[in-house]
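Worksheet: one structure, shown below.
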Amino acid sequence: LQAKYPQAQAMIDDYNTTHSVMDSEACMAQLRLIQYRDGIEAALKFAKKALMQREWAESERLMLIDRVAIYLDHMDCGKEALSLLERELSQPTIDQTVKRELLRLKCFVCVRLLDWPLLEHTSQEMQSFAYEISACNRLYHAGALEMQGKFSAALEVLHASVQNAAHGQPFLLHLGLFALRNKINDPSLYALKKNALTFVRTKKEKTLASGLFNAQWYMQRYGHMLHGMDPLQHFAHYGSLLALDPCPHFNAAYYNHCQRDVAGFAIDPFLHYLT
């Protein structure tokens with residue numbers, strides 16, 4: 001592929017010459033070429049410069065904002081990404097569809113920063129839209145509440161999600177996992193808890209078999225959340241709820257962000273990746 005980089009650059013240059021100005025398609029092509037050829041830092045520099053160079057249509061600007069936020073996250077600069085999104089969201093004339101996508105991106109950044117209060121607030125703000133929010137964001141909302149000890153509110157979100165016709169079925173698993181984690185002895189949840197226990201065992205087996213789980217790294221990143229729990233057990237219980245990463249080479253929240261089918265049906269991102 002590297003041998004093709006000069007050819008790709010020549011094609012982009014020819015396109016720009018023909019059109020006299022770099023449009024959004026050429027800009028994104030150039031951005032991805034820089035990302036693969038020169039690395040994330042160079043791509044971030046280009047994307048930031050492109051944002052400042054000209055006025056973009058809102059949908060085009062959104063694509064660039066998305067790339068900048070993702071690159072900042074890859075460079076562990078989540079707070080800078082959050083500031084960028086806050087500035088964009090504060091624009092008085094912002095289109096509501098663009099706002100919804102920015103909030104979805106903000107949820108991604110909050111998950112990566114493990115900022116549960118802000119994730120809760122952002123998830124609630126998303127619910128103010130007439131649009132149906134994704135199952136992924138419903139799950140993030142429940143997770144943010146649970147991480148703050150707001151168990152009744154988290155349970156309410158999960159119950160409401162189960163009743164949702166669009167994606168209620170996968171939430172039966174998450175309801176069972178919630179009952180299992182928090183030792184809820186409700187007879188009506190026994191069957192769900194049993195299914196959840198099977199899921200936890202299966203996820204542990206598949207995660208171990210993959211060879212991708214890094215227990216030492218996991219403890220360094222999420223140690224404050226373990227409370228004495230075994231890292232693999234914690235990942236099996238909480239991984240899909242909070243989009244936790246099994247190792248530094250798999251970004252579960254980014255996977256959810258890109259794979260709309262995963263986010264839409266609340267499937268466990270890591271297990272989906274393994275399949």
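Residue numbering restarts at 1 for every chain of the structure tokens, chains are lettered A, B, ... in their displayed order, and ligands are numbered from 1 as they appear.
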- Which residues come within 12 Å of Arg32 (chain A), counting only C-alpha atoms, excluding same-chain residues fewer than 3 positions away, as a ChimeraX atom specification? /A:5,8-9,12,25-29,35-40,42-44,46-47,64,67-68,71
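Reported to one decimal place, the separation of CA of Pro246 (chain A) from CA of Tyr140 (chain A) is 17.5 Å.
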Q) Hey, what's within 12 Å of Gly78 (chain A) if we count only C-alpha atoms and toss same-chain stuff fewer than 2 positions away? As a list in words, please? A) Val68, Ala69, Ile70, Tyr71, Leu72, Asp73, His74, Met75, Asp76, Glu80, Ala81, Leu82, Ser83, Leu84, Leu85, Leu105, Lys106, Cys107, Phe108, Val109, Cys110, Val111, Arg112, Leu113, Leu114 and Asp115 of chain A
List the neighbours of Asp245 (chain A) out to 12 Å using only C-alpha atoms; skip same-chain residues closer than 3 positions along the sequence, and give me the result as a PyMOL selection string. chain A and resi 111-112+114+207+212-215+217-222+231-232+234-236+238-242+248-256+268-271
> Of the residues A:Val157, A:Met22, A:Val98, A:Leu172, which is the one nearest to Phe199 (chain A), using only C-alpha atoms?
Replying inline: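 Nearest to Phe199 (chain A): A:Leu172.
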message = Considering only C-alpha atoms, can you say which of A:Pro170, A:Pro117, A:Ile267, A:Leu31 comes closest to Lys49 (chain A)?
response =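 For Lys49 (chain A), the nearest of the candidates is A:Leu31.
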What separates CA of Gln53 (chain A) and CA of Asp23 (chain A) is a distance of 11.7 Å
Would you return as a ChimeraX atom specification the members of region 178-257 of chain A that DSSP assigns to alpha helix (DSSP H) on this structure's backbone?
-> /A:178-181,190-210,215-226,231-242,252-257
Neighbour list for His141 (chain A) as a list in words, cut-off 8 Å, only C-alpha atoms, skip fewer than 5 positions in-chain: Leu119, Glu120, Ser123, Gln124, Ala154 and Val157 of chain A
| said: Residues within 9 Å of Ser210 (chain A), please, as a PyMOL selection string. Count only C-alpha atoms; anything in the same chain fewer than 4 positions from it doesn't count. | reply: chain A and resi 205-206+274
Take the selection from the previous step and output its residues with N, CA, C and O atoms, as a short mmCIF file (atom, residue, chain, number, x, y, z; two decimals), in the first residue's frame.
data_model
loop_
_atom_site.label_atom_id
_atom_site.label_comp_id
_atom_site.auth_asym_id
_atom_site.auth_seq_id
_atom_site.Cartn_x
_atom_site.Cartn_y
_atom_site.Cartn_z
N GLU A 205 -14.45 -16.61 28.17
CA GLU A 205 -13.79 -17.66 27.37
C GLU A 205 -13.30 -17.11 26.04
O GLU A 205 -12.15 -17.35 25.63
N LYS A 206 -14.17 -16.36 25.33
CA LYS A 206 -13.80 -15.83 24.02
C LYS A 206 -12.71 -14.76 24.13
O LYS A 206 -11.84 -14.65 23.27
N LEU A 274 -14.71 -9.82 17.47
CA LEU A 274 -14.13 -11.15 17.40
C LEU A 274 -14.84 -12.05 16.41
O LEU A 274 -14.25 -12.95 15.82
#
Item to complete: Could you tell me which of A:Ala57, A:Ala144, A:Ile94, A:Leu173 comes closest to Lys194 (chain A) if we count only C-alpha atoms?
Response: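 Selected residue with least distance to Lys194 (chain A): A:Leu173.
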Hey, can you check how far CA of Thr97 (chain A) sits from CA of Thr122 (chain A)?
->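 The value is 15.3 Å.
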